>>> print(open('work31.txt').read())   # compact mmCIF, C-alpha atoms
# COMPACT_ATOMS: atom_id res chain seq x y z
CA MET I 1 -26.35 -11.51 25.32
CA ASP I 2 -24.46 -14.08 27.32
CA VAL I 3 -22.89 -14.03 30.81
CA VAL I 4 -19.52 -15.69 31.40
CA GLU I 5 -17.16 -16.00 34.33
CA VAL I 6 -13.91 -14.04 34.29
CA ALA I 7 -11.32 -16.77 33.87
CA ASP I 8 -8.14 -15.07 32.65
CA GLU I 9 -6.21 -11.79 32.72
CA ALA I 10 -7.69 -10.62 29.42
CA ALA I 11 -11.23 -10.96 30.75
CA LEU I 12 -10.15 -9.32 34.03
CA ALA I 13 -8.89 -6.32 32.05
CA GLU I 14 -12.31 -6.08 30.40
CA PHE I 15 -14.00 -6.30 33.80
CA LEU I 16 -11.82 -3.46 35.09
CA ARG I 17 -12.46 -1.29 32.03
CA LEU I 18 -16.21 -1.54 32.57
CA GLY I 19 -15.78 -0.08 36.06
CA LYS I 20 -13.91 3.03 34.91
CA GLU I 21 -16.91 4.97 33.60
CA THR I 22 -17.30 7.95 35.96
CA HIS I 23 -20.60 9.24 34.51
CA GLU I 24 -19.40 12.84 34.12
CA GLY I 25 -17.39 12.73 37.32
CA ARG I 26 -20.10 11.37 39.60
CA ALA I 27 -18.93 7.76 40.07
CA VAL I 28 -15.66 6.69 41.70
CA PRO I 29 -14.16 3.38 40.48
CA LEU I 30 -13.42 0.59 42.90
CA ARG I 31 -9.73 0.28 43.66
CA GLU I 32 -8.10 -1.94 41.04
CA ARG I 33 -6.06 -3.81 43.63
CA THR I 34 -9.26 -4.83 45.41
CA VAL I 35 -10.74 -6.28 42.21
CA ARG I 36 -7.51 -8.13 41.39
CA ASP I 37 -7.51 -9.67 44.88
CA TRP I 38 -11.06 -10.90 44.28
CA PHE I 39 -10.02 -12.51 41.00
CA ARG I 40 -6.87 -14.12 42.40
CA GLY I 41 -8.55 -15.38 45.55
CA THR I 42 -6.17 -13.37 47.73
CA SER I 43 -8.78 -11.18 49.43
CA ALA I 44 -9.59 -11.63 53.11
CA HIS I 45 -13.08 -12.90 52.23
CA ARG I 46 -13.74 -16.43 53.49
CA HIS I 47 -15.61 -17.66 50.40
CA PRO I 48 -14.79 -17.62 46.66
CA ILE I 49 -15.77 -14.54 44.67
CA THR I 50 -16.93 -15.02 41.08
CA LEU I 51 -16.50 -12.19 38.59
CA LEU I 52 -19.04 -12.09 35.75
CA LEU I 53 -19.07 -10.41 32.34
CA ALA I 54 -22.12 -9.85 30.14
CA ARG I 55 -21.21 -10.02 26.44
CA ASP I 56 -23.28 -8.90 23.49
CA ASP I 57 -23.85 -10.97 20.34
CA ASP I 58 -20.51 -9.81 18.96
CA GLY I 59 -18.67 -10.92 22.10
CA ARG I 60 -18.04 -7.40 23.39
CA PRO I 61 -18.21 -6.89 27.19
CA VAL I 62 -21.17 -4.66 28.08
CA GLY I 63 -21.81 -5.32 31.78
CA ARG I 64 -20.30 -6.85 34.88
CA ALA I 65 -21.05 -8.09 38.40
CA ILE I 66 -19.63 -10.22 41.19
CA VAL I 67 -21.38 -12.94 43.21
CA HIS I 68 -20.38 -14.58 46.47
CA ARG I 69 -21.79 -15.71 49.78
CA ASP I 70 -20.85 -15.56 53.44
CA ASP I 71 -21.94 -17.81 56.31
CA ARG I 72 -21.80 -14.91 58.77
CA LEU I 73 -24.25 -12.83 56.76
CA ASP I 74 -26.55 -15.84 56.43
CA ASP I 75 -26.47 -16.32 60.20
CA ARG I 76 -27.12 -12.63 60.76
CA LEU I 77 -30.08 -12.48 58.38
CA GLY I 78 -31.40 -15.97 59.07
CA THR I 79 -31.23 -16.89 55.42
CA ARG I 80 -29.03 -18.36 52.72
CA ALA I 81 -28.21 -15.49 50.40
CA LEU I 82 -26.28 -15.10 47.20
CA VAL I 83 -24.73 -11.65 47.41
CA PHE I 84 -24.06 -9.62 44.27
CA GLY I 85 -22.23 -6.35 43.68
CA ALA I 86 -19.71 -4.33 41.63
CA LEU I 87 -22.43 -3.77 39.05
CA ALA I 88 -21.86 -1.94 35.80
CA ALA I 89 -24.51 -1.85 33.07
CA PRO I 90 -25.39 0.77 30.46
CA ASP I 91 -29.13 0.08 30.55
CA ALA I 92 -31.87 -2.08 32.04
CA SER I 93 -31.58 -4.80 29.38
CA VAL I 94 -27.96 -5.53 30.32
CA LEU I 95 -28.84 -5.38 34.02
CA ASP I 96 -31.66 -7.87 33.43
CA THR I 97 -29.28 -10.23 31.66
CA LEU I 98 -26.89 -10.10 34.62
CA LEU I 99 -29.63 -10.55 37.19
CA ASP I 100 -31.14 -13.45 35.23
CA ASP I 101 -27.80 -15.21 35.43
CA ILE I 102 -27.33 -14.32 39.11
CA GLU I 103 -30.76 -15.74 39.95
CA ARG I 104 -29.93 -18.97 38.10
CA ARG I 105 -26.70 -19.26 40.07
CA ALA I 106 -28.55 -18.60 43.32
CA ARG I 107 -31.10 -21.34 42.68
CA ALA I 108 -28.37 -23.79 41.64
CA ALA I 109 -26.49 -23.05 44.87
CA GLY I 110 -29.58 -23.58 47.03
CA ALA I 111 -29.82 -19.92 48.01
CA THR I 112 -33.16 -18.68 49.30
CA GLU I 113 -32.63 -15.04 48.40
CA LEU I 114 -30.59 -12.46 46.52
CA PHE I 115 -28.95 -9.67 48.50
CA GLY I 116 -27.07 -6.64 47.21
CA PRO I 117 -25.38 -4.76 45.91
CA ALA I 118 -22.47 -5.15 48.33
CA GLN I 119 -18.68 -5.06 47.94
CA LEU I 120 -18.22 -7.51 49.58
CA LEU I 121 -20.46 -7.29 52.65
CA PRO I 122 -22.85 -4.54 53.72
CA ASN I 123 -20.54 -3.60 56.61
CA GLN I 124 -17.83 -2.85 54.04
CA SER I 125 -19.43 -1.05 51.09
CA GLY I 126 -22.50 -1.25 48.94
CA GLY I 127 -26.12 -0.30 48.42
CA LEU I 128 -27.79 1.59 45.59
CA ILE I 129 -28.44 5.29 45.77
CA THR I 130 -32.16 5.97 45.32
CA SER I 131 -32.04 9.78 45.21
CA GLY I 132 -29.42 12.52 45.00
CA PHE I 133 -28.23 11.33 41.59
CA GLU I 134 -26.95 14.82 40.78
CA GLU I 135 -24.42 14.55 43.65
CA ARG I 136 -21.12 12.78 43.03
CA GLY I 137 -20.11 9.65 44.85
CA PHE I 138 -16.90 9.17 46.82
CA PRO I 139 -14.78 6.24 48.03
CA ASP I 140 -16.85 3.62 49.87
CA ALA I 141 -20.03 5.43 48.80
CA GLY I 142 -20.97 4.47 45.28
CA TRP I 143 -23.00 6.18 42.59
CA ASN I 144 -25.45 4.64 40.12
CA PRO I 145 -27.72 6.03 37.39
CA GLU I 146 -31.30 7.00 38.17
CA TRP I 147 -32.82 4.18 36.09
CA MET I 148 -31.25 1.44 38.21
CA PRO I 149 -33.49 1.40 41.35
CA PRO I 150 -36.74 1.16 39.28
CA ALA I 151 -35.11 -1.63 37.25
CA PHE I 152 -34.34 -3.53 40.46
CA GLU I 153 -37.85 -3.06 41.77
CA ALA I 154 -39.43 -4.16 38.49
CA ARG I 155 -37.75 -7.53 39.07
CA GLY I 156 -39.22 -7.94 42.56
CA LEU I 157 -36.18 -6.79 44.52
CA GLU I 158 -37.30 -4.85 47.60
CA ARG I 159 -35.53 -2.09 49.49
CA TRP I 160 -34.00 -3.00 52.83
CA TYR I 161 -32.15 -0.96 55.46
CA GLU I 162 -32.55 2.42 53.81
CA GLY I 163 -30.16 5.18 54.78
CA ASP I 164 -28.37 8.31 53.63
CA THR I 165 -24.91 9.60 52.95
CA TRP I 166 -24.26 13.06 54.38
CA VAL I 167 -22.24 16.18 53.66
CA VAL I 168 -21.23 18.76 56.25
CA ASP I 169 -19.43 22.06 55.83
CA VAL I 170 -16.45 21.96 58.18
CA LEU I 171 -16.94 24.20 61.21
CA ASP I 172 -14.01 26.29 62.35
CA GLY I 173 -13.69 26.10 66.12
CA ASP I 174 -11.44 25.16 69.00
CA GLY I 175 -12.93 21.75 69.68
CA PRO I 176 -13.87 20.48 73.14
CA SER I 177 -12.07 21.91 76.15
CA VAL I 178 -10.10 19.89 78.68
CA ALA I 179 -12.88 20.56 81.20
CA GLU I 180 -15.50 19.11 78.84
CA LEU I 181 -13.41 16.00 78.29
CA ASP I 182 -12.87 15.63 82.03
CA ARG I 183 -16.61 15.84 82.67
CA ALA I 184 -17.15 13.09 80.10
CA GLY I 185 -14.38 11.02 81.71
CA ILE I 186 -12.34 10.69 78.52
CA ARG I 187 -9.26 11.86 76.75
CA ILE I 188 -8.88 11.94 72.98
CA ASP I 189 -6.01 10.03 71.41
CA GLU I 190 -5.04 11.42 67.98
CA VAL I 191 -3.60 8.53 65.99
CA THR I 192 -0.60 9.56 63.92
CA ARG I 193 0.23 8.25 60.47
CA PHE I 194 3.03 6.16 61.93
CA GLY I 195 0.71 4.88 64.66
CA LEU I 196 -1.95 3.61 62.24
CA ALA I 197 -1.12 -0.07 62.81
CA ARG I 198 -1.53 0.36 66.56
CA GLY I 199 -4.67 2.42 66.01
CA LEU I 200 -6.23 -0.25 63.80
CA ARG I 201 -5.57 -2.89 66.47
CA ALA I 202 -7.50 -0.74 68.93
CA LEU I 203 -10.20 -0.06 66.32
CA LEU I 204 -11.08 -3.71 65.65
CA PRO I 205 -12.89 -4.49 68.96
CA LEU I 206 -14.27 -0.93 69.04
CA LEU I 207 -15.78 -1.26 65.59
CA ASN I 208 -17.23 -4.71 66.16
CA GLY I 209 -18.63 -3.77 69.56
CA SER I 210 -20.11 -0.45 68.46
CA PHE I 211 -22.10 -1.82 65.52
CA ALA I 212 -23.02 -5.30 66.74
CA GLN I 213 -26.67 -4.27 67.10
CA LEU I 214 -27.09 -3.19 63.47
CA PRO I 215 -29.16 -5.75 61.51
CA TYR I 216 -26.67 -6.16 58.65
CA PHE I 217 -23.41 -6.02 60.59
CA THR I 218 -21.01 -8.96 60.52
CA PRO I 219 -17.89 -8.57 62.67
CA PHE I 220 -14.66 -7.73 60.89
CA THR I 221 -11.75 -10.13 61.19
CA ARG I 222 -8.28 -8.68 61.62
CA ASP I 223 -7.42 -9.49 57.99
CA GLU I 224 -10.65 -7.92 56.69
CA LEU I 225 -10.01 -4.72 58.61
CA ARG I 226 -6.43 -4.57 57.37
CA SER I 227 -7.65 -5.08 53.79
CA GLN I 228 -10.41 -2.50 54.16
CA PHE I 229 -7.94 0.19 55.22
CA ALA I 230 -4.99 -0.88 53.06
CA GLY I 231 -3.20 2.09 51.53
CA LEU I 232 -5.07 4.67 53.59
CA TRP I 233 -2.00 5.92 55.41
CA LEU I 234 -1.31 8.29 52.47
CA LEU I 235 -4.82 9.74 52.90
CA HIS I 236 -4.28 10.24 56.60
CA GLU I 237 -3.79 13.69 58.08
CA PRO I 238 -2.97 14.39 61.72
CA GLY I 239 -6.15 14.52 63.77
CA LEU I 240 -8.43 12.58 61.43
CA PHE I 241 -8.33 9.26 63.32
CA LEU I 242 -9.45 9.85 66.89
CA ILE I 243 -9.99 7.37 69.72
CA ALA I 244 -11.72 8.30 72.98
CA ARG I 245 -10.20 6.55 75.99
CA ASP I 246 -11.78 6.38 79.42
CA GLU I 247 -10.08 7.01 82.76
CA GLU I 248 -8.65 3.49 82.66
CA GLU I 249 -7.22 4.14 79.17
CA GLN I 250 -9.69 1.74 77.55
CA PRO I 251 -10.96 2.73 74.08
CA VAL I 252 -14.68 3.57 74.18
CA GLY I 253 -15.37 5.59 71.00
CA PHE I 254 -13.81 6.65 67.71
CA VAL I 255 -14.04 8.63 64.50
CA PHE I 256 -12.04 7.73 61.38
CA ALA I 257 -11.80 10.13 58.44
CA VAL I 258 -9.44 10.32 55.46
CA LEU I 259 -8.76 12.79 52.69
CA ASP I 260 -11.04 12.35 49.68
CA ALA I 261 -9.08 10.69 46.86
CA SER I 262 -12.01 10.68 44.40
CA ARG I 263 -10.32 12.82 41.75
CA VAL I 264 -7.19 10.69 41.65
CA LEU I 265 -9.15 7.42 41.52
CA GLN I 266 -11.41 8.77 38.77
CA ASP I 267 -8.47 9.91 36.66
CA SER I 268 -6.62 6.60 37.13
CA GLY I 269 -9.63 4.33 36.67
CA GLY I 270 -9.21 2.91 40.17
CA ARG I 271 -5.44 2.45 40.21
CA TRP I 272 -3.72 3.47 43.43
CA GLY I 273 -0.14 2.71 42.50
CA VAL I 274 3.14 4.58 42.80
CA ARG I 275 2.20 7.20 40.16
CA GLU I 276 -1.18 7.94 41.75
CA ARG I 277 0.25 8.09 45.26
CA TRP I 278 2.99 10.45 44.10
CA ARG I 279 0.40 12.68 42.44
CA PHE I 280 -1.63 12.74 45.63
CA VAL I 281 1.40 13.65 47.75
CA ARG I 282 2.62 16.26 45.26
CA HIS I 283 -0.79 17.95 44.99
CA ARG I 284 -1.90 17.22 48.53
CA ARG I 285 -2.73 20.83 49.32
CA GLU I 286 -5.11 21.34 46.40
CA LEU I 287 -6.66 17.88 46.77
CA ARG I 288 -7.41 18.05 50.48
CA SER I 289 -10.38 20.42 50.39
CA ASP I 290 -12.68 17.44 51.05
CA ALA I 291 -12.53 14.58 53.53
CA VAL I 292 -14.54 11.38 53.96
CA LEU I 293 -15.79 10.15 57.32
CA VAL I 294 -15.34 6.43 56.91
CA ILE I 295 -16.87 5.41 60.23
CA GLN I 296 -17.62 6.59 63.76
CA GLY I 297 -19.17 5.08 66.85
CA ALA I 298 -19.01 4.22 70.53
CA LEU I 299 -19.31 1.05 72.56
CA PRO I 300 -22.84 0.39 73.88
CA ASP I 301 -22.00 1.38 77.47
CA ALA I 302 -20.53 4.66 76.20
CA GLN I 303 -23.41 5.60 73.92
CA GLY I 304 -25.71 8.49 74.83
CA LYS I 305 -22.98 10.28 76.79
CA GLY I 306 -21.96 12.78 74.12
CA ILE I 307 -18.62 11.10 73.46
CA VAL I 308 -19.04 10.93 69.67
CA THR I 309 -20.13 14.59 69.67
CA LEU I 310 -16.93 15.56 71.48
CA LEU I 311 -14.91 13.51 68.99
CA SER I 312 -16.76 15.18 66.11
CA ARG I 313 -16.01 18.65 67.45
CA ARG I 314 -12.32 17.79 67.66
CA LEU I 315 -12.46 16.34 64.15
CA HIS I 316 -14.02 19.53 62.76
CA ALA I 317 -11.37 21.65 64.46
CA ASN I 318 -8.60 19.46 63.03
CA LEU I 319 -10.16 19.47 59.54
CA ALA I 320 -10.39 23.26 59.61
CA ASP I 321 -6.73 23.48 60.64
CA SER I 322 -5.72 21.23 57.72
CA GLY I 323 -7.68 23.28 55.16
CA CYS I 324 -10.59 20.90 54.56
CA ALA I 325 -13.87 22.61 53.73
CA ARG I 326 -16.29 19.66 53.48
CA LEU I 327 -16.78 16.34 55.17
CA ARG I 328 -18.75 13.59 53.44
CA SER I 329 -19.97 10.54 55.32
CA THR I 330 -20.62 7.00 54.12
CA HIS I 331 -24.19 5.78 54.52
CA VAL I 332 -26.00 5.93 57.85
CA GLY I 333 -29.11 3.78 58.29
CA ARG I 334 -32.36 5.53 59.12
CA GLN I 335 -32.84 2.96 61.86
CA ASN I 336 -29.83 4.59 63.53
CA PRO I 337 -31.08 8.17 64.15
CA SER I 338 -28.49 8.95 66.83
CA SER I 339 -25.72 8.65 64.21
CA ALA I 340 -27.63 10.89 61.79
CA ARG I 341 -27.92 13.54 64.52
CA GLN I 342 -24.13 13.73 64.61
CA PHE I 343 -24.36 15.35 61.17
CA SER I 344 -27.54 17.40 61.49
CA ARG I 345 -26.33 19.06 64.71
CA PHE I 346 -23.30 20.29 62.75
CA GLY I 347 -25.48 21.71 59.98
CA GLY I 348 -25.12 18.74 57.64
CA ARG I 349 -27.62 17.55 55.06
CA PRO I 350 -28.38 14.19 53.44
CA LEU I 351 -26.52 13.75 50.17
CA HIS I 352 -27.81 10.47 48.71
CA ALA I 353 -30.61 8.20 49.85
CA THR I 354 -29.37 4.60 49.86
CA ALA I 355 -30.81 1.09 50.13
CA TYR I 356 -29.81 -2.53 49.94
CA TYR I 357 -32.10 -4.84 48.01
CA ARG I 358 -33.38 -8.33 48.80
CA LYS I 359 -35.46 -10.83 46.83
CA GLN I 360 -36.85 -14.07 48.16
CA LEU I 361 -36.42 -16.99 45.76
CA PRO I 362 -38.86 -19.86 45.34
CA ARG I 363 -37.73 -23.05 47.01
>>> encode(input="work31.txt", output="structure tokens")
Amino acid sequence: MDVVEVADEAALAEFLRLGKETHEGRAVPLRERTVRDWFRGTSAHRHPITLLLARDDDGRPVGRAIVHRDDRLDDRLGTRALVFGALAAPDASVLDTLLDDIERRARAAGATELFGPAQLLPNQSGGLITSGFEERGFPDAGWNPEWMPPAFEARGLERWYEGDTWVVDVLDGDGPSVAELDRAGIRIDEVTRFGLARGLRALLPLLNGSFAQLPYFTPFTRDELRSQFAGLWLLHEPGLFLIARDEEEQPVGFVFAVLDASRVLQDSGGRWGVRERWRFVRHRRELRSDAVLVIQGALPDAQGKGIVTLLSRRLHANLADSGCARLRSTHVGRQNPSSARQFSRFGGRPLHATAYYRKQLPR
């Protein structure tokens, strides 16, 4: 086998095809527009992104990956890392071929370690699942076959920042009372679909401030946040994006959930164009039984005051009103037990165990 860079539209089409395997409905493809932005250099990422294809002896594409780097992640981790992600491989031999090439690129670039998988940074999406393989993935929470973590570890890659995705049955209730909100010194602002732009402007400092203490977190820029949430307005339902504001109307906490578009993305192979959006709108009622909690948090001075719990109760009430039965959450690190309690106190359970992987390279 050989590994080559994706250099033209034909090779890009092959790269995209390799990401469309859903493994009997358990994997959800990356959005095609995201991958095309990587290839064209039009993503919000500050550094170039290289798309790789592994080809067999007959020239057929059998595996794929991306590699890139980011100064902010290096500063955060105190390293110089080559980051890899968007992996697709049918078996360990193809994965080894890709990782051999990635390691060669890392050494040639003067990197001191490999880090991944991440799409593009760990604060955006990534990690391998290390258990729960029977459970399907969902957008921003990937799925991989069971053989992949042992294959990583056989090459000396070590688990880092382990966590879990979660699933919670939606609780039907009235949400927090006005008196409870008054005692907490907040009101809850429900961001409408037409107010998403304003809501995202408020979310940027909230998000960066709430997660600054996490070991992997690199602050989002305005363009990165806009790219991360591009196209989500169609997945928005009233009451799924909530911002807690204090008595001075300053944002102090938030929850952001969207309807789960897994089925549409699986059927389309990652396309989210006019046809897919029309299908989602037309069949919105039958497709909105599940939702995805993309992110939640509170500023450091507002943590430990029950604000996220109040937001979660309102979210559950709104989900129940909209007909959603389940809420899935993207990964929560085990070093962040207070966030995990937001799911366990509502009767949730871990869905997948997750981990990033790191490997130190000889100098």
>>> closest_atom_pairs(input="work31.txt", of="range 43-112 of chain I", to="range 143-155 of chain I", cutoff="10 Å", atoms="all atoms listed in the file", output="JSON lines")
{"residue": "I:Leu87", "atom": "CA", "partner": "I:Asn144", "partner_atom": "CA", "distance": 9.0}
{"residue": "I:Ala88", "atom": "CA", "partner": "I:Asn144", "partner_atom": "CA", "distance": 8.7}
{"residue": "I:Ala89", "atom": "CA", "partner": "I:Met148", "partner_atom": "CA", "distance": 9.1}
{"residue": "I:Pro90", "atom": "CA", "partner": "I:Pro145", "partner_atom": "CA", "distance": 9.0}
{"residue": "I:Asp91", "atom": "CA", "partner": "I:Trp147", "partner_atom": "CA", "distance": 7.8}
{"residue": "I:Ala92", "atom": "CA", "partner": "I:Ala151", "partner_atom": "CA", "distance": 6.2}
{"residue": "I:Ser93", "atom": "CA", "partner": "I:Ala151", "partner_atom": "CA", "distance": 9.2}
{"residue": "I:Leu95", "atom": "CA", "partner": "I:Ala151", "partner_atom": "CA", "distance": 8.0}
{"residue": "I:Asp96", "atom": "CA", "partner": "I:Ala151", "partner_atom": "CA", "distance": 8.1}
{"residue": "I:Leu99", "atom": "CA", "partner": "I:Arg155", "partner_atom": "CA", "distance": 8.9}
{"residue": "I:Asp100", "atom": "CA", "partner": "I:Arg155", "partner_atom": "CA", "distance": 9.7}
>>> write_last_selection(input="work31.txt", atoms="C-alpha atoms", output="mmCIF file, in the frame of the given file")
data_model
loop_
_atom_site.group_PDB
_atom_site.id
_atom_site.type_symbol
_atom_site.label_atom_id
_atom_site.label_comp_id
_atom_site.auth_asym_id
_atom_site.auth_seq_id
_atom_site.Cartn_x
_atom_site.Cartn_y
_atom_site.Cartn_z
ATOM 1 C CA LEU I 87 -22.430 -3.770 39.050
ATOM 2 C CA ALA I 88 -21.860 -1.940 35.800
ATOM 3 C CA ALA I 89 -24.510 -1.850 33.070
ATOM 4 C CA PRO I 90 -25.390 0.770 30.460
ATOM 5 C CA ASP I 91 -29.130 0.080 30.550
ATOM 6 C CA ALA I 92 -31.870 -2.080 32.040
ATOM 7 C CA SER I 93 -31.580 -4.800 29.380
ATOM 8 C CA LEU I 95 -28.840 -5.380 34.020
ATOM 9 C CA ASP I 96 -31.660 -7.870 33.430
ATOM 10 C CA LEU I 99 -29.630 -10.550 37.190
ATOM 11 C CA ASP I 100 -31.140 -13.450 35.230
#
>>> closest_residue(input="work31.txt", among="I:Ile66, I:Val294, I:Ile188, I:Ala27", to="Ile129 in chain I", atoms="all atoms listed in the file")
I:Ala27
>>> residues_around(input="work31.txt", residues="Val255 in chain I", least_positions_apart="5", cutoff="10 Å", atoms="all atoms listed in the file", output="ChimeraX atom specification")
/I:203,239-244,293-298,308-309,311-312,314-315
>>> write_last_selection(input="work31.txt", atoms="C-alpha atoms", output="tab-separated table (two decimals), keeping the file's coordinate frame")
chain	number	residue	atom	x	y	z
I	203	LEU	CA	-10.20	-0.06	66.32
I	239	GLY	CA	-6.15	14.52	63.77
I	240	LEU	CA	-8.43	12.58	61.43
I	241	PHE	CA	-8.33	9.26	63.32
I	242	LEU	CA	-9.45	9.85	66.89
I	243	ILE	CA	-9.99	7.37	69.72
I	244	ALA	CA	-11.72	8.30	72.98
I	293	LEU	CA	-15.79	10.15	57.32
I	294	VAL	CA	-15.34	6.43	56.91
I	295	ILE	CA	-16.87	5.41	60.23
I	296	GLN	CA	-17.62	6.59	63.76
I	297	GLY	CA	-19.17	5.08	66.85
I	298	ALA	CA	-19.01	4.22	70.53
I	308	VAL	CA	-19.04	10.93	69.67
I	309	THR	CA	-20.13	14.59	69.67
I	311	LEU	CA	-14.91	13.51	68.99
I	312	SER	CA	-16.76	15.18	66.11
I	314	ARG	CA	-12.32	17.79	67.66
I	315	LEU	CA	-12.46	16.34	64.15
>>> atom_distance(input="work31.txt", atom1="CA of Ala86 in chain I", atom2="CA of Ala65 in chain I")
5.1 Å
>>> residues_near_point(input="work31.txt", point="(-6.7, -5.2, 61.1)", cutoff="9 Å", atoms="all atoms listed in the file", output="number ranges by chain")
I: 197, 200-201, 203-204, 220-229
>>> atom_distance(input="work31.txt", atom1="CA of Arg285 in chain I", atom2="CA of Leu310 in chain I")
26.8 Å
>>> residues_around(input="work31.txt", residues="Arg183 in chain I", least_positions_apart="4", cutoff="12 Å", atoms="only C-alpha atoms", output="ChimeraX atom specification")
/I:176-179,187,246-247,305-307,310
>>> residues_around(input="work31.txt", residues="Arg80 in chain I", least_positions_apart="5", cutoff="9 Å", atoms="all atoms listed in the file", output="mmCIF file with C-alpha atoms, in the coordinates of the input")
data_model
loop_
_atom_site.group_PDB
_atom_site.id
_atom_site.type_symbol
_atom_site.label_atom_id
_atom_site.label_comp_id
_atom_site.auth_asym_id
_atom_site.auth_seq_id
_atom_site.Cartn_x
_atom_site.Cartn_y
_atom_site.Cartn_z
ATOM 1 C CA ARG I 69 -21.790 -15.710 49.780
ATOM 2 C CA ASP I 70 -20.850 -15.560 53.440
ATOM 3 C CA ASP I 71 -21.940 -17.810 56.310
ATOM 4 C CA LEU I 73 -24.250 -12.830 56.760
ATOM 5 C CA ASP I 74 -26.550 -15.840 56.430
ATOM 6 C CA ASP I 75 -26.470 -16.320 60.200
ATOM 7 C CA GLY I 110 -29.580 -23.580 47.030
ATOM 8 C CA ALA I 111 -29.820 -19.920 48.010
ATOM 9 C CA THR I 112 -33.160 -18.680 49.300
ATOM 10 C CA GLU I 113 -32.630 -15.040 48.400
ATOM 11 C CA LEU I 114 -30.590 -12.460 46.520
#
>>> atom_distance(input="work31.txt", atom1="CA of Phe84 in chain I", atom2="CA of Val167 in chain I")
27.5 Å
>>> closest_residue(input="work31.txt", among="I:Asp140, I:Asp2, I:Asp189, I:Glu180", to="Asp101 in chain I", atoms="all atoms listed in the file")
I:Asp2
>>> closest_residue(input="work31.txt", among="I:Phe39, I:Tyr216, I:Tyr161, I:Phe254", to="Glu5 in chain I", atoms="all atoms listed in the file")
I:Phe39
>>> closest_residue(input="work31.txt", among="I:Val332, I:Ala302, I:Gly175, I:Lys20", to="Val252 in chain I", atoms="all atoms listed in the file")
I:Ala302
